[in-house]
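Novice: Here you go, target.cif (mmCIF, C-alpha atoms and all ligand atoms):
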```cif
data_protein
#
loop_
_atom_site.label_atom_id
_atom_site.label_comp_id
_atom_site.auth_asym_id
_atom_site.auth_seq_id
_atom_site.Cartn_x
_atom_site.Cartn_y
_atom_site.Cartn_z
CA MET A 3 0.00 0.00 0.00
CA HIS A 4 1.34 3.44 -1.00
CA ILE A 5 0.30 6.68 0.74
CA ARG A 6 0.61 10.17 -0.74
CA ILE A 7 1.14 12.61 2.12
CA GLY A 8 0.35 16.30 1.67
CA THR A 9 2.23 18.80 3.81
CA ARG A 10 3.12 22.47 3.97
CA SER A 11 6.71 23.11 3.03
CA SER A 12 7.96 24.74 6.25
CA ARG A 13 10.71 22.78 7.96
CA LEU A 14 8.46 21.95 10.93
CA ALA A 15 5.66 20.73 8.65
CA VAL A 16 8.07 18.55 6.66
CA TRP A 17 9.58 17.14 9.88
CA GLN A 18 6.08 16.16 10.98
CA ALA A 19 5.20 14.60 7.62
CA GLU A 20 8.47 12.64 7.68
CA HIS A 21 7.61 11.45 11.20
CA ILE A 22 4.37 10.04 9.80
CA GLN A 23 6.34 8.45 6.96
CA THR A 24 8.55 6.73 9.53
CA LEU A 25 5.53 5.35 11.41
CA LEU A 26 3.96 4.09 8.17
CA GLN A 27 7.22 2.54 7.02
CA ALA A 28 7.51 0.59 10.29
CA GLY A 29 4.26 -1.13 9.24
CA GLY A 30 5.48 -1.82 5.72
CA LEU A 31 3.65 1.03 3.95
CA THR A 32 5.49 3.12 1.36
CA SER A 33 4.77 6.82 1.03
CA GLU A 34 5.78 10.05 -0.67
CA LEU A 35 5.57 13.71 0.36
CA VAL A 36 3.66 16.27 -1.72
CA LEU A 37 4.62 19.84 -0.72
CA ILE A 38 1.77 22.35 -0.88
CA ASP A 39 1.89 26.08 -0.10
CA THR A 40 -0.95 27.66 1.88
CA LYS A 41 -2.16 31.23 2.29
CA GLY A 42 -0.83 31.20 5.87
CA ASP A 43 2.69 30.56 4.57
CA GLN A 44 2.56 33.57 2.28
CA VAL A 45 1.08 36.17 4.61
CA LEU A 46 4.09 37.05 6.69
CA ASP A 47 3.53 40.73 7.16
CA ARG A 48 0.13 40.78 8.85
CA SER A 49 -0.82 39.14 12.11
CA LEU A 50 -2.99 36.07 11.74
CA SER A 51 -5.69 37.50 13.97
CA LYS A 52 -6.25 40.16 11.34
CA ILE A 53 -6.55 37.97 8.25
CA GLY A 54 -9.00 35.64 9.99
CA SER A 55 -7.53 32.39 11.14
CA LYS A 56 -10.01 29.85 9.82
CA GLY A 57 -8.13 27.39 7.70
CA VAL A 58 -5.36 29.66 6.45
CA PHE A 59 -2.84 26.86 6.94
CA THR A 60 -5.15 24.09 5.76
CA GLN A 61 -7.35 25.14 2.85
CA GLU A 62 -5.00 24.30 -0.03
CA LEU A 63 -4.21 20.91 1.51
CA GLU A 64 -7.93 20.21 1.89
CA ASP A 65 -8.55 21.08 -1.76
CA GLN A 66 -6.01 18.39 -2.75
CA LEU A 67 -7.59 15.85 -0.35
CA ARG A 68 -10.92 16.40 -2.07
CA LEU A 69 -9.38 16.05 -5.51
CA GLY A 70 -7.73 12.82 -4.40
CA SER A 71 -4.27 13.97 -5.44
CA ILE A 72 -3.12 13.24 -1.87
CA ASP A 73 -4.43 10.55 0.52
CA ILE A 74 -3.76 12.37 3.77
CA ALA A 75 -2.69 15.78 4.99
CA VAL A 76 -0.39 16.09 8.00
CA HIS A 77 -0.81 19.09 10.32
CA SER A 78 0.15 20.32 13.76
CA ALA A 79 -3.13 19.51 15.52
CA LYS A 80 -3.05 23.05 16.91
CA ASP A 81 -3.36 24.53 13.42
CA LEU A 82 -6.55 22.64 12.57
CA PRO A 83 -9.84 24.53 13.06
CA SER A 84 -12.17 22.90 15.60
CA SER A 85 -14.73 22.05 12.94
CA LEU A 86 -13.50 20.78 9.61
CA PRO A 87 -15.18 21.45 6.26
CA GLU A 88 -17.82 18.98 4.97
CA GLY A 89 -16.45 15.66 3.80
CA LEU A 90 -13.16 15.84 5.70
CA GLY A 91 -12.16 14.34 9.04
CA ILE A 92 -9.23 13.58 11.30
CA ILE A 93 -8.31 9.91 11.16
CA ALA A 94 -5.43 9.89 13.67
CA PHE A 95 -3.56 11.83 16.34
CA THR A 96 0.04 10.86 17.13
CA GLU A 97 1.27 10.32 20.67
CA ARG A 98 1.66 13.68 22.29
CA GLU A 99 4.98 14.99 23.51
CA LEU A 100 5.66 17.72 26.07
CA VAL A 101 2.85 20.23 25.64
CA ASN A 102 4.19 23.29 27.42
CA ASP A 103 5.43 26.60 26.02
CA VAL A 104 9.08 27.58 26.38
CA LEU A 105 10.99 30.84 26.53
CA VAL A 106 13.70 30.91 23.86
CA SER A 107 16.58 33.35 23.97
CA ARG A 108 20.34 33.74 23.57
CA ASP A 109 20.33 35.28 27.05
CA LYS A 110 20.31 32.47 29.60
CA SER A 111 19.53 34.86 32.45
CA LEU A 112 16.05 35.72 31.14
CA SER A 113 13.11 34.36 33.13
CA LEU A 114 9.44 35.13 33.60
CA THR A 115 9.70 34.39 37.31
CA ASN A 116 11.69 37.51 38.22
CA SER A 117 10.52 41.03 37.55
CA ARG A 118 13.18 42.03 35.02
CA GLU A 119 11.73 43.83 32.02
CA PHE A 120 12.31 42.49 28.53
CA THR A 121 10.48 42.02 25.20
CA ILE A 122 8.96 38.80 23.88
CA GLY A 123 8.16 38.27 20.21
CA THR A 124 4.91 36.38 19.61
CA SER A 125 1.86 36.69 17.39
CA SER A 126 -0.35 34.43 19.46
CA THR A 127 -3.29 36.22 21.13
CA ARG A 128 -3.28 33.53 23.84
CA ARG A 129 0.39 34.11 24.69
CA VAL A 130 0.04 37.91 24.63
CA ALA A 131 -3.03 37.83 26.91
CA MET A 132 -1.45 35.29 29.28
CA LEU A 133 1.76 37.31 29.53
CA LYS A 134 -0.30 40.40 30.38
CA HIS A 135 -2.04 38.36 33.07
CA PHE A 136 0.89 36.48 34.63
CA SER A 137 3.92 38.59 33.67
CA PRO A 138 2.81 42.21 33.22
CA HIS A 139 6.43 43.39 33.42
CA VAL A 140 7.28 41.98 29.97
CA THR A 141 6.41 43.73 26.71
CA THR A 142 5.26 41.78 23.66
CA VAL A 143 6.04 42.58 20.04
CA ASP A 144 4.10 41.05 17.16
CA MET A 145 6.25 38.46 15.41
CA ARG A 146 5.16 36.21 12.55
CA GLY A 147 6.84 33.64 10.40
CA ASN A 148 8.05 30.09 10.74
CA LEU A 149 10.46 29.08 13.49
CA GLN A 150 13.58 29.83 11.47
CA THR A 151 12.30 33.31 10.59
CA ARG A 152 11.48 34.05 14.21
CA LEU A 153 14.89 32.91 15.42
CA ARG A 154 16.50 35.17 12.82
CA LYS A 155 14.40 38.10 14.06
CA LEU A 156 15.49 37.26 17.61
CA ASP A 157 19.13 37.33 16.49
CA GLU A 158 18.58 40.66 14.73
CA GLY A 159 17.51 42.08 18.07
CA GLN A 160 13.83 42.61 17.22
CA CYS A 161 13.03 41.13 20.65
CA ASP A 162 14.88 39.65 23.63
CA ALA A 163 13.07 36.32 23.65
CA LEU A 164 10.41 34.23 21.92
CA LEU A 165 7.57 32.30 23.51
CA LEU A 166 7.06 29.08 21.56
CA ALA A 167 5.63 25.58 21.83
CA TYR A 168 8.29 23.20 23.17
CA ALA A 169 7.18 20.64 20.59
CA GLY A 170 8.17 22.74 17.60
CA VAL A 171 11.43 23.96 19.16
CA HIS A 172 12.39 20.40 20.00
CA ARG A 173 11.44 18.96 16.60
CA MET A 174 13.65 21.59 14.94
CA GLY A 175 16.55 20.77 17.24
CA TYR A 176 16.68 24.17 18.97
CA ASP A 177 16.58 22.85 22.56
CA GLU A 178 19.85 24.63 23.39
CA PHE A 179 18.10 28.03 23.14
CA ILE A 180 15.40 27.14 25.68
CA VAL A 181 15.94 29.27 28.78
CA GLU A 182 12.72 28.39 30.62
CA HIS A 183 9.89 25.85 30.52
CA LEU A 184 6.61 27.53 31.44
CA PRO A 185 4.33 25.73 33.88
CA ILE A 186 1.17 24.32 32.25
CA ALA A 187 -0.90 25.11 35.35
CA ASP A 188 -0.65 28.84 34.49
CA PHE A 189 0.43 29.01 30.85
CA THR A 190 -1.91 26.26 29.72
CA PRO A 191 -1.24 25.55 26.04
CA ALA A 192 -3.54 26.01 23.08
CA VAL A 193 -5.88 23.20 22.06
CA GLY A 194 -3.94 20.49 20.26
CA GLN A 195 -0.42 21.72 21.05
CA GLY A 196 2.26 19.02 20.83
CA THR A 197 0.33 16.55 18.69
CA ILE A 198 0.29 15.80 14.96
CA ALA A 199 -3.08 15.24 13.28
CA ILE A 200 -3.78 13.32 10.09
CA GLU A 201 -6.66 14.62 7.99
CA ALA A 202 -8.36 12.69 5.20
CA ALA A 203 -11.40 12.89 2.97
CA GLU A 204 -14.34 10.71 4.01
CA THR A 205 -14.08 9.07 0.62
CA LEU A 206 -10.59 7.70 1.30
CA ASP A 207 -10.43 3.90 0.90
CA ILE A 208 -11.34 2.39 4.29
CA GLU A 209 -8.48 -0.10 4.12
CA LYS A 210 -6.03 2.77 3.82
CA VAL A 211 -7.75 4.59 6.70
CA ASN A 212 -7.53 1.54 8.93
CA ALA A 213 -3.90 0.82 8.08
CA ILE A 214 -2.84 4.45 8.66
CA ARG A 215 -4.80 4.68 11.91
CA GLN A 216 -3.37 1.44 13.19
CA LEU A 217 0.19 2.66 12.67
CA THR A 218 -0.09 6.29 13.78
CA ASN A 219 -3.00 6.83 16.18
CA HIS A 220 -2.44 6.99 19.94
CA THR A 221 -5.74 6.20 21.68
CA LEU A 222 -5.33 8.24 24.87
CA THR A 223 -3.93 11.24 23.00
CA GLU A 224 -6.91 10.98 20.67
CA ALA A 225 -9.35 11.07 23.60
CA CYS A 226 -7.58 14.14 25.00
CA LEU A 227 -7.73 15.87 21.65
CA LEU A 228 -11.44 15.07 21.25
CA ALA A 229 -12.10 16.72 24.63
CA GLU A 230 -10.03 19.82 23.82
CA ARG A 231 -11.45 20.18 20.33
CA ALA A 232 -15.04 19.84 21.56
CA PHE A 233 -14.31 22.68 23.98
CA LEU A 234 -12.98 24.87 21.16
CA ALA A 235 -15.86 23.94 18.86
CA ARG A 236 -18.41 25.05 21.46
CA LEU A 237 -16.64 28.40 21.80
CA GLU A 238 -16.52 28.57 17.98
CA GLY A 239 -12.96 29.68 18.48
CA GLY A 240 -10.04 29.42 16.12
CA CYS A 241 -6.47 30.21 17.07
CA SER A 242 -7.27 33.93 17.06
CA ILE A 243 -9.25 33.60 20.33
CA PRO A 244 -7.13 33.67 23.53
CA SER A 245 -8.46 30.35 24.76
CA PHE A 246 -6.50 27.46 26.22
CA ALA A 247 -7.30 23.85 27.04
CA LEU A 248 -5.36 20.78 28.00
CA ALA A 249 -6.62 17.26 28.63
CA GLN A 250 -4.32 14.75 30.29
CA TRP A 251 -4.88 11.18 31.34
CA THR A 252 -4.05 10.18 34.89
CA ASP A 253 -4.73 6.51 34.13
CA GLU A 254 -6.32 4.61 31.23
CA GLN A 255 -9.80 5.36 32.54
CA THR A 256 -9.44 8.97 33.67
CA ILE A 257 -9.06 12.16 31.69
CA ARG A 258 -8.74 15.55 33.31
CA LEU A 259 -9.57 18.57 31.20
CA THR A 260 -8.66 22.12 32.15
CA GLY A 261 -9.47 25.08 29.97
CA GLY A 262 -10.55 28.66 29.78
CA LEU A 263 -10.31 32.13 28.31
CA VAL A 264 -8.22 35.24 28.99
CA SER A 265 -9.30 38.78 28.16
CA LEU A 266 -7.05 40.50 25.61
CA ASP A 267 -5.76 42.95 28.23
CA GLY A 268 -5.03 40.10 30.64
CA SER A 269 -7.24 41.50 33.38
CA GLN A 270 -9.64 38.54 33.43
CA LEU A 271 -8.87 34.84 33.29
CA LEU A 272 -11.59 32.21 33.53
CA ARG A 273 -10.69 28.56 34.07
CA GLU A 274 -12.65 25.36 34.72
CA ASN A 275 -11.69 21.72 35.29
CA PHE A 276 -13.67 18.59 34.40
CA THR A 277 -12.80 14.93 34.88
CA GLY A 278 -14.26 11.89 33.11
CA THR A 279 -13.49 8.72 31.18
CA PRO A 280 -11.94 8.68 27.67
CA ASP A 281 -15.35 7.64 26.25
CA GLU A 282 -16.83 10.84 27.60
CA ALA A 283 -14.13 13.05 26.07
CA PRO A 284 -16.32 15.11 23.69
CA GLN A 285 -18.93 15.68 26.40
CA LEU A 286 -16.21 16.83 28.80
CA GLY A 287 -15.14 19.50 26.35
CA HIS A 288 -18.68 20.58 25.69
CA GLU A 289 -19.57 20.75 29.41
CA LEU A 290 -16.44 22.71 30.22
CA ALA A 291 -17.31 25.28 27.55
CA GLU A 292 -20.95 25.50 28.69
CA SER A 293 -19.92 25.99 32.27
CA LEU A 294 -17.41 28.67 31.33
CA LEU A 295 -19.91 30.51 29.14
CA ALA A 296 -22.46 30.45 31.96
CA ARG A 297 -19.92 31.94 34.40
CA GLY A 298 -19.31 35.07 32.35
CA GLY A 299 -17.35 33.51 29.50
CA ASP A 300 -20.11 34.51 27.07
CA ILE A 301 -19.62 38.21 27.82
CA LEU A 302 -15.83 37.86 27.84
CA LEU A 303 -15.93 36.10 24.47
CA ALA A 304 -18.19 38.74 22.91
CA ASP A 305 -15.86 41.38 24.26
CA ILE A 306 -12.80 39.63 22.78
CA ARG A 307 -14.51 39.23 19.40
CA SER A 308 -15.42 42.92 19.28
CA GLN A 309 -11.75 43.87 19.75
CA LEU A 310 -10.10 41.51 17.25
N1 LIG A 401 1.07 28.40 15.67
C1 LIG A 401 2.07 27.74 14.88
C2 LIG A 401 2.43 26.41 15.45
N2 LIG A 401 1.65 25.34 15.25
C3 LIG A 401 2.21 24.27 15.89
C4 LIG A 401 3.38 24.70 16.51
C5 LIG A 401 4.31 23.89 17.31
C6 LIG A 401 4.14 22.40 17.23
C7 LIG A 401 3.00 21.85 18.02
O1 LIG A 401 2.42 22.52 18.90
O2 LIG A 401 2.66 20.68 17.77
C8 LIG A 401 3.52 26.06 16.22
C9 LIG A 401 4.62 26.96 16.66
C10 LIG A 401 4.45 27.50 18.06
O3 LIG A 401 3.32 27.72 18.52
O4 LIG A 401 5.47 27.75 18.73
#
```
Taking this structure as input, can you express it in the form of structure tokens?

Specialist:
Amino acid sequence: MHIRIGTRSSRLAVWQAEHIQTLLQAGGLTSELVLIDTKGDQVLDRSLSKIGSKGVFTQELEDQLRLGSIDIAVHSAKDLPSSLPEGLGIIAFTERELVNDVLVSRDKSLSLTNSREFTIGTSSTRRVAMLKHFSPHVTTVDMRGNLQTRLRKLDEGQCDALLLAYAGVHRMGYDEFIVEHLPIADFTPAVGQGTIAIEAAETLDIEKVNAIRQLTNHTLTEACLLAERAFLARLEGGCSIPSFALAQWTDEQTIRLTGGLVSLDGSQLLRENFTGTPDEAPQLGHELAESLLARGGDILLADIRSQL
């Protein structure tokens, strides 16, 4: 069986697609990579929150899935909108790695835990809002582009540090520039951070779907992702909303979901926790969102939307 894998052409995207190739190869499947450029890769000068985040990194890949020119598309799960277009679905989530954010800098003495002032480059509304909430002494500057571009901007002195997902930094081999791991209890990551998702058209041959799933899907990670994504779907939030959610299993039968919203100015942070079994994952996400909306999250969300 041969699998055509669609991927964006950034180094991180290709690393992730090659990781899937390795998993498929271990089960005797051959594969090839098809590099596809997306709108999100081309818009480097405007912040994502302004161009509207829905599917900017996924649309062109999804067009090719529909046409059947690729069998699957590989994405960072974080980049996938919470509801996918008609006819497409996620068939697997890889085993998650460390989910936290990290501070990256050439200056080893930088830390968010002391009150020293410095600037952090990030274009994520979640990271900006959380920094305003937990570390009001730092200043953020808008910084777009793939990891290599951001590191270059850091070297050029456009900021003192970057706030990034550990997963991407690690996959690119930049661990040596990590100066601090942020605690997930405060800086809870975005939905899907640290996991790779495989998207396919519903028309894809079921034998291919089963073989790919068998070799790449991690059941407990999948349950966690279903919980987080149900939360995001209920909020109708893409990555432009400063929301966060993280599900973790404590044992095979127990999943704990934490999630919430931060106001853009950092003044308000709402958080809820729910616990259930992996089978209940989507309901957990839905209940968490409902509960948050009922506690003032609805007003906070409307307020956020009016300012974006
Ligand atoms: N928003 C871009 C993006 N999408 C996925 C990752 C990292 C890899 C991952 O979370 O799986 C990143 C970079 C970052 O946020 O630092």

Novice: When you draw a straight line from CA of Ile5 in chain A to CA of Val101 in chain A, how long is it in Å?

Specialist: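 CA of Ile5 in chain A sits 28.5 Å away from CA of Val101 in chain A.
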
Novice: What do you get as a ChimeraX atom specification if you pick all residues at most 9 Å from ligand LIG 401 (chain A), counting all atoms listed in the file?

Specialist: /A:14-15,18,77-81,98-99,101-104,124-126,147-149,164-173,191-198,241

Novice: As an exercise, work out the distance from CA of Leu100 in chain A to CA of Phe189 in chain A in Å and give it to one decimal place.

Specialist: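 Distance reported for this atom pair: 13.3 Å.
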
Novice: Go ahead and compute the interatomic distance for CA of Gly268 in chain A and CA of Thr141 in chain A, in Å to one decimal.

Specialist: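 About the pair CA of Gly268 in chain A and CA of Thr141 in chain A: they are 12.6 Å apart.
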
Novice: Which of these residues is nearest to His288 in chain A, using all atoms listed in the file: A:Asp267, A:Asp162, A:Glu119, A:Glu230?

Specialist: A:Glu230

Novice: Show me, as a list of chain:residue names, the residues that have an atom within 10 Å of range 23-27 of chain A when counting all atoms listed in the file, minus same-chain residues fewer than 4 positions from it.

Specialist: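 The neighbour list is A:Met3, A:His4, A:Ile5, A:Arg6, A:Ile7, A:Trp17, A:Gln18, A:Ala19, A:Leu31, A:Thr32, A:Ser33, A:Glu34, A:Leu35, A:Thr96, A:Ala213, A:Ile214, A:Arg215, A:Gln216, A:Leu217, A:Thr218, A:Asn219.
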